file query_23.cif (mmCIF, C-alpha atoms)
data_final
loop_
_atom_site.label_atom_id
_atom_site.label_comp_id
_atom_site.auth_asym_id
_atom_site.auth_seq_id
_atom_site.Cartn_x
_atom_site.Cartn_y
_atom_site.Cartn_z
CA GLY Z 1 -173.13 -21.38 91.70
CA GLU Z 2 -176.39 -19.72 92.67
CA HIS Z 3 -174.44 -16.61 93.73
CA GLY Z 4 -172.61 -16.23 90.40
CA VAL Z 5 -169.39 -17.98 91.42
CA GLY Z 6 -167.78 -19.86 88.55
CA LEU Z 7 -167.66 -23.62 89.10
CA VAL Z 8 -165.60 -26.33 87.47
CA GLY Z 9 -168.77 -28.10 86.36
CA GLU Z 10 -169.12 -31.41 84.58
CA LEU Z 11 -166.07 -32.56 82.65
CA PRO Z 12 -166.38 -34.30 79.26
CA GLU Z 13 -167.02 -37.97 79.91
CA GLY Z 14 -164.87 -40.70 78.42
CA PHE Z 15 -161.42 -40.98 76.92
CA PRO Z 16 -160.87 -38.97 73.70
CA PRO Z 17 -160.78 -41.29 70.68
CA PHE Z 18 -157.73 -41.80 68.50
CA THR Z 19 -158.12 -39.57 65.43
CA LEU Z 20 -155.83 -38.72 62.56
CA PRO Z 21 -155.98 -34.94 61.99
CA GLY Z 22 -157.41 -33.95 58.63
CA ILE Z 23 -155.25 -31.15 57.16
CA ARG Z 24 -155.68 -29.70 53.70
CA LEU Z 25 -152.89 -27.97 51.82
CA SER Z 26 -154.67 -24.66 52.31
CA ASP Z 27 -154.47 -25.16 56.09
CA VAL Z 28 -150.66 -25.36 56.15
CA GLY Z 29 -150.07 -21.60 55.95
CA PRO Z 30 -152.35 -20.56 58.83
CA LEU Z 31 -151.21 -23.52 60.93
CA LEU Z 32 -147.53 -22.75 60.36
CA GLY Z 33 -147.76 -19.28 61.90
CA GLY Z 34 -149.48 -20.65 64.98
CA ALA Z 35 -147.04 -23.54 65.20
CA VAL Z 36 -144.05 -21.17 65.23
CA GLY Z 37 -145.64 -19.12 68.00
CA ILE Z 38 -146.44 -22.24 70.02
CA ALA Z 39 -142.91 -23.57 69.55
CA LEU Z 40 -141.41 -20.25 70.71
CA VAL Z 41 -143.57 -20.11 73.84
CA SER Z 42 -142.99 -23.80 74.54
CA LEU Z 43 -139.22 -23.47 74.22
CA ALA Z 44 -139.00 -20.40 76.44
CA ASP Z 45 -141.49 -21.77 78.97
CA THR Z 46 -139.96 -25.24 79.19
CA ILE Z 47 -136.31 -24.24 79.44
CA SER Z 48 -136.88 -21.35 81.87
CA ASN Z 49 -139.10 -23.39 84.18
CA ALA Z 50 -136.90 -26.48 84.03
CA SER Z 51 -133.79 -24.42 84.78
CA ALA Z 52 -135.48 -22.58 87.65
CA PHE Z 53 -136.68 -25.74 89.38
CA ALA Z 54 -133.51 -27.70 88.65
CA ALA Z 55 -131.41 -24.96 90.27
CA ARG Z 56 -133.31 -25.45 93.52
CA THR Z 57 -132.18 -29.06 93.80
CA GLY Z 58 -128.77 -28.84 92.15
CA GLN Z 59 -129.83 -30.74 89.02
CA GLU Z 60 -128.80 -30.19 85.40
CA VAL Z 61 -131.25 -29.61 82.55
CA ARG Z 62 -130.76 -31.32 79.20
CA GLY Z 63 -132.46 -28.87 76.87
CA ASN Z 64 -132.64 -31.16 73.83
CA GLN Z 65 -134.11 -33.97 75.90
CA GLU Z 66 -136.72 -31.63 77.42
CA MET Z 67 -137.83 -30.38 74.02
CA ALA Z 68 -137.93 -33.93 72.60
CA GLY Z 69 -140.25 -34.87 75.46
CA VAL Z 70 -142.51 -31.85 74.85
CA GLY Z 71 -142.57 -32.64 71.12
CA ALA Z 72 -143.55 -36.25 71.73
CA ALA Z 73 -146.31 -35.12 74.11
CA ASN Z 74 -147.69 -32.74 71.49
CA LEU Z 75 -147.62 -35.40 68.78
CA ALA Z 76 -149.58 -37.72 71.07
CA ALA Z 77 -152.02 -34.93 72.01
CA GLY Z 78 -152.64 -34.21 68.34
CA LEU Z 79 -153.68 -37.81 67.77
CA PHE Z 80 -156.29 -37.58 70.56
CA GLN Z 81 -157.79 -34.16 69.70
CA GLY Z 82 -155.76 -32.46 72.39
CA PHE Z 83 -154.48 -28.89 72.42
CA PRO Z 84 -150.78 -27.93 72.34
CA VAL Z 85 -149.01 -28.34 75.66
CA SER Z 86 -145.73 -27.38 77.27
CA THR Z 87 -144.44 -27.16 80.79
CA SER Z 88 -146.38 -25.14 83.36
CA GLY Z 89 -144.63 -23.05 85.96
CA SER Z 90 -147.76 -22.75 88.10
CA ARG Z 91 -148.68 -26.46 88.05
CA THR Z 92 -145.06 -27.43 88.66
CA ALA Z 93 -145.00 -25.05 91.62
CA VAL Z 94 -148.21 -26.60 92.95
CA ALA Z 95 -146.73 -30.08 92.62
CA GLU Z 96 -143.48 -29.02 94.28
CA ARG Z 97 -145.32 -27.40 97.18
CA ALA Z 98 -147.27 -30.64 97.56
CA GLY Z 99 -144.02 -32.62 97.88
CA ALA Z 100 -143.37 -33.82 94.32
CA ARG Z 101 -139.77 -34.86 93.68
CA SER Z 102 -139.76 -36.74 90.37
CA GLN Z 103 -141.53 -37.23 87.03
CA LEU Z 104 -143.63 -39.95 88.69
CA THR Z 105 -145.87 -37.10 89.88
CA GLY Z 106 -146.89 -36.38 86.29
CA VAL Z 107 -147.58 -40.04 85.60
CA VAL Z 108 -149.82 -40.36 88.68
CA GLY Z 109 -151.61 -37.12 87.80
CA ALA Z 110 -152.26 -38.29 84.24
CA LEU Z 111 -153.64 -41.63 85.41
CA LEU Z 112 -155.95 -39.93 87.93
CA ILE Z 113 -157.25 -37.55 85.26
CA VAL Z 114 -157.99 -40.47 82.93
CA LEU Z 115 -159.80 -42.33 85.71
CA MET Z 116 -161.81 -39.23 86.59
CA LEU Z 117 -162.83 -38.65 82.96
CA VAL Z 118 -163.90 -42.26 82.55
CA LEU Z 119 -165.42 -43.03 85.97
CA ALA Z 120 -166.34 -39.77 87.70
CA PRO Z 121 -166.51 -36.77 85.36
CA GLY Z 122 -168.77 -34.89 87.77
CA LEU Z 123 -166.57 -35.33 90.85
CA PHE Z 124 -165.54 -31.67 91.00
CA ARG Z 125 -168.67 -30.13 89.52
CA ASN Z 126 -169.20 -27.88 92.57
CA LEU Z 127 -165.55 -26.85 93.04
CA PRO Z 128 -165.30 -23.03 92.67
CA GLN Z 129 -162.92 -21.78 89.97
CA PRO Z 130 -161.54 -19.14 92.41
CA ALA Z 131 -160.40 -21.96 94.68
CA LEU Z 132 -158.30 -23.39 91.86
CA ALA Z 133 -157.03 -19.90 91.05
CA ALA Z 134 -156.01 -19.35 94.69
CA VAL Z 135 -154.05 -22.61 94.71
CA VAL Z 136 -152.23 -21.70 91.49
CA ILE Z 137 -151.51 -18.10 92.51
CA THR Z 138 -150.24 -19.10 95.96
CA ALA Z 139 -147.91 -21.69 94.47
CA SER Z 140 -146.82 -19.38 91.66
CA LEU Z 141 -145.67 -16.73 94.12
CA SER Z 142 -142.82 -19.09 94.96
CA LEU Z 143 -141.55 -18.62 91.37
CA ALA Z 144 -140.89 -14.91 91.89
CA ASP Z 145 -137.15 -14.50 92.44
CA ILE Z 146 -136.96 -11.04 93.97
CA PRO Z 147 -133.41 -11.53 95.37
CA GLY Z 148 -132.32 -12.64 91.89
CA ALA Z 149 -133.74 -9.45 90.35
CA VAL Z 150 -131.98 -7.35 93.00
CA ARG Z 151 -128.73 -9.17 92.23
CA LEU Z 152 -129.16 -8.40 88.52
CA TRP Z 153 -129.69 -4.72 89.37
CA ARG Z 154 -126.48 -4.64 91.38
CA GLN Z 155 -124.34 -6.73 89.06
CA ARG Z 156 -125.58 -6.06 85.51
CA ARG Z 157 -128.19 -3.40 84.84
CA ALA Z 158 -128.75 -4.46 81.22
CA ASP Z 159 -129.88 -7.94 82.30
CA PHE Z 160 -132.14 -6.41 84.95
CA LEU Z 161 -133.81 -4.23 82.31
CA LEU Z 162 -134.33 -7.32 80.13
CA CYS Z 163 -135.89 -9.08 83.12
CA VAL Z 164 -138.30 -6.16 83.68
CA ALA Z 165 -139.09 -5.93 79.97
CA ALA Z 166 -139.94 -9.64 79.83
CA PHE Z 167 -142.18 -9.36 82.89
CA LEU Z 168 -144.02 -6.28 81.63
CA GLY Z 169 -144.30 -7.72 78.12
CA VAL Z 170 -146.01 -10.88 79.32
CA ALA Z 171 -148.18 -9.03 81.86
CA LEU Z 172 -149.35 -6.27 79.49
CA LEU Z 173 -149.18 -7.78 76.01
CA GLY Z 174 -149.76 -11.49 76.57
CA VAL Z 175 -147.51 -14.52 76.74
CA LEU Z 176 -146.57 -14.87 73.06
CA THR Z 177 -146.05 -11.16 72.41
CA GLY Z 178 -144.24 -10.67 75.70
CA ILE Z 179 -141.83 -13.53 75.06
CA ALA Z 180 -141.24 -12.31 71.50
CA VAL Z 181 -140.37 -8.85 72.86
CA ALA Z 182 -138.02 -10.35 75.45
CA VAL Z 183 -136.28 -12.56 72.87
CA ALA Z 184 -135.90 -9.62 70.47
CA LEU Z 185 -134.43 -7.41 73.19
CA SER Z 186 -132.04 -10.18 74.24
CA VAL Z 187 -130.80 -10.58 70.66
CA LEU Z 188 -130.35 -6.81 70.37
CA ASN Z 189 -128.41 -6.79 73.64
CA VAL Z 190 -126.05 -9.48 72.31
CA PHE Z 191 -125.67 -7.50 69.11
CA ARG Z 192 -124.93 -4.35 71.15
CA ARG Z 193 -122.07 -6.10 72.94
CA VAL Z 194 -120.65 -7.27 69.61
CA TRP Z 195 -121.08 -3.81 68.07
CA TRP Z 196 -119.24 -2.02 70.88
CA PRO Z 197 -116.98 -4.66 72.43
CA TYR Z 198 -114.48 -4.10 75.18
CA HIS Z 199 -111.05 -3.17 73.80
CA THR Z 200 -107.88 -2.08 75.54
CA LEU Z 201 -104.09 -1.84 75.46
CA LEU Z 202 -101.80 -4.38 77.08
CA GLY Z 203 -98.47 -4.02 78.85
CA ARG Z 204 -95.89 -6.03 80.80
CA VAL Z 205 -96.35 -6.21 84.56
CA GLN Z 206 -93.34 -6.84 86.75
CA GLY Z 207 -93.61 -10.23 88.44
CA LEU Z 208 -96.55 -11.45 86.31
CA GLU Z 209 -96.35 -13.65 83.24
CA GLY Z 210 -97.96 -12.47 80.03
CA TYR Z 211 -99.34 -9.07 79.10
CA HIS Z 212 -102.16 -7.40 80.96
CA ASP Z 213 -104.84 -4.73 80.67
CA LEU Z 214 -103.44 -1.26 81.31
CA ARG Z 215 -106.71 -0.29 82.96
CA SER Z 216 -106.15 -2.93 85.62
CA TYR Z 217 -102.38 -2.35 85.80
CA PRO Z 218 -101.73 1.34 85.07
CA GLY Z 219 -98.01 0.86 85.86
CA ALA Z 220 -97.49 -1.82 83.21
CA GLY Z 221 -94.48 -1.23 80.94
CA GLN Z 222 -94.45 -0.80 77.16
CA LEU Z 223 -91.83 -0.99 74.45
CA PRO Z 224 -91.15 2.20 72.48
CA GLY Z 225 -92.60 1.85 69.00
CA LEU Z 226 -94.84 -1.11 69.95
CA VAL Z 227 -98.53 -1.06 70.83
CA ILE Z 228 -100.33 -4.22 71.98
CA TYR Z 229 -104.06 -3.89 71.34
CA ARG Z 230 -106.80 -6.35 72.33
CA PHE Z 231 -110.26 -6.38 70.76
CA ASP Z 232 -112.64 -8.65 72.69
CA ALA Z 233 -115.07 -9.77 69.98
CA PRO Z 234 -115.28 -11.54 66.64
CA LEU Z 235 -114.44 -9.08 63.88
CA ILE Z 236 -117.60 -8.76 61.79
CA PHE Z 237 -119.50 -6.20 59.75
CA ALA Z 238 -121.04 -4.67 62.89
CA ASN Z 239 -117.75 -3.69 64.56
CA ALA Z 240 -115.14 -3.68 61.77
CA LYS Z 241 -115.20 0.11 61.46
CA THR Z 242 -114.89 0.48 65.24
CA PHE Z 243 -111.77 -1.68 65.08
CA ARG Z 244 -110.42 0.28 62.09
CA ASP Z 245 -110.97 3.67 63.72
CA GLU Z 246 -109.31 2.61 66.97
CA VAL Z 247 -106.26 1.15 65.20
CA ARG Z 248 -105.95 4.33 63.13
CA ARG Z 249 -106.09 6.40 66.32
CA LEU Z 250 -103.30 4.31 67.81
CA ALA Z 251 -101.25 4.65 64.62
CA ASP Z 252 -101.61 8.46 64.71
CA ALA Z 253 -100.27 8.72 68.27
CA ASP Z 254 -97.19 10.75 69.06
CA PRO Z 255 -94.66 9.16 68.99
CA LYS Z 256 -95.90 7.00 66.13
CA PRO Z 257 -95.63 3.23 66.68
CA SER Z 258 -93.95 1.05 64.09
CA TRP Z 259 -95.85 -2.12 65.10
CA ILE Z 260 -99.44 -2.49 66.29
CA VAL Z 261 -99.77 -6.03 67.64
CA VAL Z 262 -103.37 -7.22 67.82
CA ALA Z 263 -103.80 -9.72 70.66
CA ALA Z 264 -106.36 -11.67 68.64
CA GLU Z 265 -107.26 -14.59 70.90
CA PRO Z 266 -110.81 -13.19 71.55
CA MET Z 267 -111.40 -12.90 67.78
CA THR Z 268 -113.38 -16.04 67.05
CA ASP Z 269 -114.32 -14.97 63.52
CA VAL Z 270 -113.50 -12.55 60.71
CA ASP Z 271 -116.26 -12.13 58.12
CA THR Z 272 -115.88 -10.89 54.54
CA THR Z 273 -116.85 -7.31 55.36
CA ALA Z 274 -114.25 -7.16 58.11
CA ALA Z 275 -111.70 -8.72 55.75
CA ASP Z 276 -112.21 -5.87 53.27
CA VAL Z 277 -111.79 -3.36 56.09
CA LEU Z 278 -108.60 -5.10 57.25
CA GLU Z 279 -107.16 -5.03 53.72
CA ASP Z 280 -107.75 -1.29 53.35
CA LEU Z 281 -106.50 -0.64 56.87
CA ASP Z 282 -103.27 -2.57 56.36
CA GLU Z 283 -102.54 -0.77 53.09
CA ALA Z 284 -103.11 2.62 54.74
CA LEU Z 285 -100.90 1.71 57.72
CA ASN Z 286 -98.11 0.38 55.49
CA ALA Z 287 -98.13 3.65 53.55
CA ASP Z 288 -97.67 5.43 56.88
CA GLY Z 289 -94.81 3.20 58.00
CA VAL Z 290 -96.88 1.24 60.54
CA HIS Z 291 -97.19 -2.57 60.47
CA LEU Z 292 -100.32 -4.42 61.56
CA VAL Z 293 -99.34 -7.63 63.37
CA PHE Z 294 -101.53 -10.43 64.72
CA ALA Z 295 -100.75 -12.68 67.69
CA GLU Z 296 -102.68 -15.69 69.08
CA LEU Z 297 -105.04 -15.78 66.11
CA LYS Z 298 -106.97 -19.06 66.16
CA ASP Z 299 -106.18 -21.51 63.36
CA PRO Z 300 -109.72 -21.54 61.86
CA VAL Z 301 -109.70 -17.73 61.74
CA ARG Z 302 -106.19 -17.70 60.24
CA ARG Z 303 -107.37 -20.08 57.52
CA LYS Z 304 -110.28 -17.74 56.74
CA ILE Z 305 -107.87 -14.82 56.42
CA GLU Z 306 -105.77 -16.83 53.98
CA ARG Z 307 -108.89 -17.83 52.04
CA TYR Z 308 -109.89 -14.16 51.79
CA GLY Z 309 -106.48 -13.42 50.27
CA LEU Z 310 -105.49 -11.00 53.03
CA THR Z 311 -101.94 -12.36 53.13
CA ARG Z 312 -101.38 -10.48 49.87
CA THR Z 313 -101.35 -7.26 51.90
CA ILE Z 314 -100.69 -8.45 55.45
CA ASP Z 315 -97.18 -9.93 55.57
CA PRO Z 316 -97.40 -13.67 56.43
CA ASP Z 317 -94.44 -13.07 58.76
CA HIS Z 318 -96.67 -10.75 60.80
CA PHE Z 319 -98.66 -13.61 62.30
CA PHE Z 320 -97.31 -14.96 65.60
CA PRO Z 321 -98.50 -17.79 67.85
CA THR Z 322 -98.35 -15.70 71.05
CA VAL Z 323 -97.98 -12.09 72.10
CA GLU Z 324 -94.67 -12.98 73.77
CA VAL Z 325 -93.23 -14.30 70.48
CA ALA Z 326 -94.42 -11.16 68.66
CA VAL Z 327 -92.78 -8.90 71.27
CA ASP Z 328 -89.52 -10.87 71.10
CA ALA Z 329 -89.53 -10.57 67.30
CA PHE Z 330 -90.05 -6.81 67.56
CA ARG Z 331 -87.20 -6.46 70.04
CA ARG Z 332 -84.84 -8.49 67.82
CA ARG Z 333 -85.66 -6.36 64.78
CA THR Z 334 -85.52 -2.97 66.49
CA GLY Z 335 -83.35 -3.49 69.58
CA ALA Z 336 -86.03 -1.73 71.65
CA GLN Z 337 -85.70 -1.83 75.43
CA TRP Z 338 -88.41 -1.59 78.03
CA ALA Z 339 -88.91 2.05 78.82
CA PRO Z 340 -90.28 3.64 81.99
CA HIS Z 341 -94.03 3.56 81.80
CA THR Z 342 -95.97 6.63 80.71
CA PRO Z 343 -99.76 6.43 80.98
CA PRO Z 344 -101.24 5.93 77.48
CA GLU Z 345 -104.47 7.31 76.16
CA LEU Z 346 -106.63 4.23 76.53
CA PRO Z 347 -109.59 3.52 74.26
CA GLU Z 348 -112.91 4.24 75.89
CA PRO Z 349 -114.69 1.07 77.12
CA PRO Z 350 -118.18 0.46 75.76
CA SER Z 351 -121.11 1.72 77.77
CA GLY Z 352 -121.94 -0.45 80.77
CA GLU Z 353 -118.50 -2.12 80.89
CA GLN Z 354 -116.70 0.41 83.11
#
call {"tool": "encode", "arguments": {"input": "query_23.cif", "output": "structure tokens"}}
result
Amino acid sequence: GEHGVGLVGELPEGFPPFTLPGIRLSDVGPLLGGAVGIALVSLADTISNASAFAARTGQEVRGNQEMAGVGAANLAAGLFQGFPVSTSGSRTAVAERAGARSQLTGVVGALLIVLMLVLAPGLFRNLPQPALAAVVITASLSLADIPGAVRLWRQRRADFLLCVAAFLGVALLGVLTGIAVAVALSVLNVFRRVWWPYHTLLGRVQGLEGYHDLRSYPGAGQLPGLVIYRFDAPLIFANAKTFRDEVRRLADADPKPSWIVVAAEPMTDVDTTAADVLEDLDEALNADGVHLVFAELKDPVRRKIERYGLTRTIDPDHFFPTVEVAVDAFRRRTGAQWAPHTPPELPEPPSGEQ
């Protein structure tokens, strides 16, 4: 201490008394903003750390149970003038490096801290703060998953960029701001995948059941006058026009199809904006002699379509339980036979999905 080195010093003596917090109505607003920030950091910190350490031992994390435990701890801390707490990656790493294997470590640590506060608050008065920092930093280095980051770079660049953004956000802007930036970017990335989903045409492959992506099976056969189109996302306001434009492009092909069968199993939802787009699209296609047909549409989504009143324009007979049933119905009505395959003009996959 005489040389300017920070020391732990004397700790407050005694156990903190039980106290009911005094909060006025005017305090609720300022406290609420801080509480939301604390909850966000606590959620991200707890789940990420729990998942990282559980993966090392093959255990499963129950997120709701973890957050209930953190919430109970914070309620108890508030009754004893404590500050908000959550999990700690560095202290967990220290405990793991010391041989901890269960929650009993936390119980023993808590009891020792209570005993030290009550019986020996000056026990570590001369312990240098840099010594504690060295212990934490050394243990925390074990949390850096460099091979995992390399794997993200090789397998999915978007997730790697999110990883880097989260790291830089926390390092440069602080924990709360950094986590907020990472969460916002993650939400935008999900929205990006919904906005520009993967979509493709399907065909019949000799020797394989079902209908398959023409990008994976360029030699797959197609029926003249029939196009099977798959759109791998819920149909919502963000991508309804993308769906409409692609179906219109398929309808304007030469030769013009008479049926466009939408393999709709990936469509987990159709919102009201998309329903309006579908209604206008079906009317335009019908005027051009092209029928929009749906196959494998989930029952909850089909009920939404009926509730929207879309069956006034889309023929109820143009909904089929499977693509195979839709193809058989087309063949019965038109007598079409499987023709030698000619490579179609496939829709462009969204960026990053090639």
call {"tool": "atom_distance", "arguments": {"input": "query_23.cif", "atom1": "atom CA of Z:Pro128", "atom2": "atom CA of Z:Val5"}}
result
6.6 Å
call {"tool": "residues_around", "arguments": {"input": "query_23.cif", "residues": "Z:Ile260", "least_positions_apart": "6", "cutoff": "8 Å", "atoms": "only C-alpha atoms", "output": "ChimeraX atom specification"}}
result
/Z:226-229,247,250-251,290-293
call {"tool": "write_last_selection", "arguments": {"input": "query_23.cif", "atoms": "C-alpha atoms", "output": "CSV table (one decimal), keeping the file's coordinate frame"}}
result
chain,number,residue,atom,x,y,z
Z,226,LEU,CA,-94.8,-1.1,70.0
Z,227,VAL,CA,-98.5,-1.1,70.8
Z,228,ILE,CA,-100.3,-4.2,72.0
Z,229,TYR,CA,-104.1,-3.9,71.3
Z,247,VAL,CA,-106.3,1.2,65.2
Z,250,LEU,CA,-103.3,4.3,67.8
Z,251,ALA,CA,-101.2,4.6,64.6
Z,290,VAL,CA,-96.9,1.2,60.5
Z,291,HIS,CA,-97.2,-2.6,60.5
Z,292,LEU,CA,-100.3,-4.4,61.6
Z,293,VAL,CA,-99.3,-7.6,63.4
call {"tool": "closest_residue", "arguments": {"input": "query_23.cif", "among": "Z:Val85, Z:Ala295, Z:Phe160, Z:Gly69", "to": "Z:Pro147", "atoms": "all atoms listed in the file"}}
result
Z:Phe160
call {"tool": "resolve_selection", "arguments": {"input": "query_23.cif", "expression": "the PyMOL selection byres ((chain Z and resi 289) around 12)", "output": "PyMOL selection string"}}
result
chain Z and resi 225+251-252+256-260+282-288+290-292
call {"tool": "closest_residue", "arguments": {"input": "query_23.cif", "among": "Z:Thr322, Z:Thr46, Z:Gln103, Z:Thr311", "to": "Z:Ala263", "atoms": "all atoms listed in the file"}}
result
Z:Thr322
